[in-house]
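Data block below; observations after.
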Amino acid sequence: MFEELLKTVCLKISTVRSMIKINDRLRKIVFQNSSDIKQLKENPEFAALIEVISSKEEWRIYDRSAVVTRLYAIYERFVEDLISDWLRRMPDLVPRYSDLGEKIQNTHREGIGRLLIDIKKNRFQHLSVEKVVQGLSCGITDTGKYELLPDAFLLHEQNLRKEVLETVLKNAGIDEAWKWVINHKEIKYFVEEVRGSQNTAEGELKQLVDYRNKAAHGSTNQILGTQELLDLGDFVEALCKSLADLVTYNIILRQIDRGLVREIGNITEWLKKPQAGVAKVKEVTLTVGESVFLVLVNKELSYCYSAKIESIQLNDIVHNRVEITSETEVGLKFDRDARIGLTIYATKSNQVD
């Protein structure tokens, strides 16, 4: 659902990684102690570069400040874009404003009030009084389609540490966000494999925010190694993926309530290398090229993502399309990895009458 948002995040983080590696390699070239540097200085462009380079330590401090500032900005922008997308979808997921939770309604009304007071500030130049009040008016009077203006929910002034992130998401109608994050496969892998369980997801996020704040106030003189900077990028990417899956899961829950999506079965066998396995499904039409949702939520793991069906086998025969009327074992290959125990959800249009 949020493939484009994640694609943008991954591209931005990939650029940060590239710059980290480029600067690290360039420092090794510039500050090497060998006859090669003398030969390089014969190139006027390289010689001019050498003259303007600061000390190795100052260069690395600058790298640290630039990287942590950029990574935090990528994370914060992603969270705001994700919540904005979620709020724009809400009128279709919950058609009646009065059916929204009390928390989200209160946040909406309070946010609209604050926007009306601050409407002339530069950050709200894109808004008009009419635009601000229209969505709320339609909602409370039940006349026309209501709108949850994202600006009303994104008035936080604190850094997005764990507690603030939870609050912002909860105010938008998404509960238990951090519980999801720490159980997400990408975050669990980072904490357990990259950090060796020596830190927590909350600790990683706090560290990123602290690094960013020190950089913003010019109070940093601590050097971070190249690998540490790269690891920070990996954490931000994992965190963004976990949050995208969280919002996707909440969308699915609301689509289930409206009868737009339903459970059709679960994966009982899985082979990683071909990214294929066996699923028990019922009362559904499966077609190659169509997508389903794969979900697993328990006390230890959080999974939720869209997967495209690449091939279907029924009774060892390959099919482009199958209609299943009763519980049946079907061989399925997806465009991404899965695992045993995932529940499969499909849209109502795939239901067999």
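Please note that chains go A, B, ... in the order of the structure tokens, that every chain numbers its residues from 1, and that ligands are numbered from 1 in the order shown.
By chain and then residue number, the residues within 9 Å of Phe334 (chain A) are Pro274, Gln275, Ala276, Gly277, Ser291, Ala307, Lys308, Ile309, Glu310, Ser311 and Ala338 of chain A, counting only C-alpha atoms and disregarding those fewer than 4 positions away in sequence.
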Checklist entry - Hey, what does DSSP flag as strand (DSSP E) within region 230-268 of chain A? Can you give it to me as a PyMOL selection string? => result chain A and resi 261-268
Next on the checklist: Just want the 8 Å neighbourhood of region 108-112 of chain A, counted on only C-alpha atoms, with same-chain residues fewer than 4 positions away dropped. Output as a PyMOL selection string.
Outcome noted: chain A and resi 104+116+132-133+136+148-149+151-153+155
Next on the checklist: Applying 12 Å and only C-alpha atoms, which residues near Gln134 (chain A) remain after dropping the ones on its own chain fewer than 2 positions away? List them as JSON, numbers by chain.
Outcome noted: {"A": [109, 112, 127, 128, 129, 130, 131, 132, 136, 137, 138, 139, 140, 141, 142, 143, 144, 145, 146, 147, 148, 149]}
Checklist entry - Would you give me, as a PyMOL selection string, the residues in region 79-204 of chain A that DSSP reads as alpha helix (DSSP H)? => result chain A and resi 79-93+102-118+129-141+162-171+177-183+185-189+201-204
Next on the checklist: So the first atom is CA of Asp316 (chain A) and the second is CA of Gly265 (chain A); what is the distance between them in Å, to one decimal place?
Outcome noted: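 Spanning CA of Asp316 (chain A) to CA of Gly265 (chain A) is a straight-line distance of 19.2 Å.
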Quick one: everything within 12 Å of Thr343 (chain A), counting only C-alpha atoms, minus sequence neighbours fewer than 4 positions away in the same chain. Send it as a compact mmCIF listing (two decimals) with N, CA, C and O atoms, in the first residue's frame.
```txt
# COMPACT_ATOMS: atom_id res chain seq x y z
N ARG A 262 -11.27 -10.15 3.37
CA ARG A 262 -11.60 -11.28 4.26
C ARG A 262 -10.46 -12.29 4.27
O ARG A 262 -9.64 -12.35 3.34
N GLU A 263 -10.42 -13.07 5.31
CA GLU A 263 -9.43 -14.14 5.44
C GLU A 263 -9.80 -15.28 4.51
O GLU A 263 -10.94 -15.73 4.47
N ILE A 264 -8.82 -15.78 3.77
CA ILE A 264 -9.10 -16.89 2.84
C ILE A 264 -8.30 -18.15 3.16
O ILE A 264 -8.53 -19.21 2.57
N GLY A 265 -7.33 -18.07 4.06
CA GLY A 265 -6.54 -19.26 4.38
C GLY A 265 -5.24 -18.91 5.05
O GLY A 265 -5.03 -17.79 5.52
N ASN A 266 -4.31 -19.89 5.10
CA ASN A 266 -3.01 -19.64 5.71
C ASN A 266 -1.95 -20.52 5.07
O ASN A 266 -2.25 -21.55 4.46
N ILE A 267 -0.71 -20.10 5.24
CA ILE A 267 0.43 -20.84 4.67
C ILE A 267 0.83 -21.95 5.62
O ILE A 267 1.12 -21.71 6.80
N THR A 268 0.88 -23.18 5.11
CA THR A 268 1.20 -24.34 5.94
C THR A 268 2.60 -24.89 5.68
O THR A 268 3.17 -25.58 6.52
N ALA A 279 -0.49 -23.50 0.71
CA ALA A 279 -1.47 -22.79 1.54
C ALA A 279 -2.79 -23.53 1.50
O ALA A 279 -3.17 -24.10 0.48
N LYS A 280 -3.48 -23.52 2.62
CA LYS A 280 -4.84 -24.02 2.67
C LYS A 280 -5.77 -22.83 2.51
O LYS A 280 -5.76 -21.91 3.34
N VAL A 281 -6.56 -22.83 1.43
CA VAL A 281 -7.45 -21.71 1.15
C VAL A 281 -8.86 -22.23 0.89
O VAL A 281 -9.07 -23.41 0.62
N VAL A 292 -2.33 -10.40 -2.69
CA VAL A 292 -3.03 -10.73 -1.45
C VAL A 292 -2.24 -10.11 -0.30
O VAL A 292 -1.13 -9.63 -0.50
N PHE A 293 -2.82 -10.12 0.88
CA PHE A 293 -2.11 -9.65 2.07
C PHE A 293 -1.69 -10.84 2.91
O PHE A 293 -2.48 -11.77 3.12
N LEU A 294 -0.46 -10.81 3.39
CA LEU A 294 0.06 -11.85 4.27
C LEU A 294 0.27 -11.24 5.66
O LEU A 294 0.98 -10.25 5.81
N VAL A 295 -0.38 -11.85 6.65
CA VAL A 295 -0.42 -11.24 7.98
C VAL A 295 -0.12 -12.27 9.07
O VAL A 295 -0.58 -13.41 9.01
N LEU A 296 0.65 -11.84 10.06
CA LEU A 296 0.87 -12.63 11.27
C LEU A 296 1.07 -11.66 12.42
O LEU A 296 1.99 -10.84 12.39
N VAL A 297 0.22 -11.72 13.41
CA VAL A 297 0.34 -10.84 14.58
C VAL A 297 0.16 -11.67 15.83
O VAL A 297 -0.90 -12.26 16.06
N ASN A 298 1.21 -11.76 16.63
CA ASN A 298 1.12 -12.44 17.93
C ASN A 298 2.03 -11.73 18.92
O ASN A 298 2.48 -10.61 18.67
N SER A 302 5.37 -9.47 14.24
CA SER A 302 4.42 -8.63 13.52
C SER A 302 4.77 -8.69 12.03
O SER A 302 5.87 -8.27 11.64
N TYR A 303 3.86 -9.21 11.24
CA TYR A 303 4.02 -9.27 9.79
C TYR A 303 2.77 -8.70 9.15
O TYR A 303 1.65 -8.99 9.57
N CYS A 304 2.92 -7.92 8.10
CA CYS A 304 1.78 -7.49 7.30
C CYS A 304 2.28 -6.82 6.04
O CYS A 304 2.88 -5.74 6.10
N TYR A 305 2.07 -7.47 4.91
CA TYR A 305 2.49 -6.87 3.66
C TYR A 305 1.74 -7.47 2.48
O TYR A 305 1.14 -8.53 2.59
N SER A 306 1.79 -6.75 1.39
CA SER A 306 1.15 -7.20 0.16
C SER A 306 2.12 -8.07 -0.62
O SER A 306 3.32 -7.78 -0.68
N ALA A 338 7.97 -15.28 2.47
CA ALA A 338 6.88 -15.44 3.44
C ALA A 338 7.35 -16.43 4.51
O ALA A 338 8.54 -16.66 4.68
N ARG A 339 6.41 -17.06 5.21
CA ARG A 339 6.77 -18.04 6.22
C ARG A 339 5.53 -18.83 6.61
O ARG A 339 4.39 -18.42 6.34
```
Item to check | Straight-line distance linking CA of Ile117 (chain A) with CA of Glu163 (chain A), stated in Å to one decimal | outcome: 26.5 Å
Item to check | For Leu230 (chain A), the nearest of the candidates A:Leu71, A:Leu11, A:Val278, A:Lys38, counting only C-alpha atoms | outcome: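 The answer is A:Leu71, which sits nearest to Leu230 (chain A).
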Item to check | Selection near Lys188 (chain A), 10 Å with only C-alpha atoms, sequence-local residues under 2 positions removed, as JSON, numbers by chain | outcome: {"A": [181, 182, 183, 184, 185, 186, 190, 191, 192, 193, 194, 195, 197, 200, 201, 238, 300, 301, 302]}
Checklist entry - Which residue, A:Val284, A:Ile317, A:Ile312, A:Met1, has the smallest gap to Ile344 (chain A) when you use only C-alpha atoms? => result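 Closest to Ile344 (chain A), using only C-alpha atoms: A:Val284.
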Checklist entry - Separation of CA of Val79 (chain A) and CA of Gly113 (chain A), in Å? => result 22.8 Å
Checklist entry - Hey, which of A:Asn213, A:Ser242, A:Thr325, A:Gln198 ends up closest to Arg70 (chain A)? Count only C-alpha atoms. => result A:Asn213
Item to check | Surrounding residues of region 2-7 of chain A excluding itself and chain neighbours under 4 positions, 9 Å, only C-alpha atoms, as a PyMOL selection string | outcome: chain A and resi 11-12+78+81-82+85+237+240-241+244-245+248
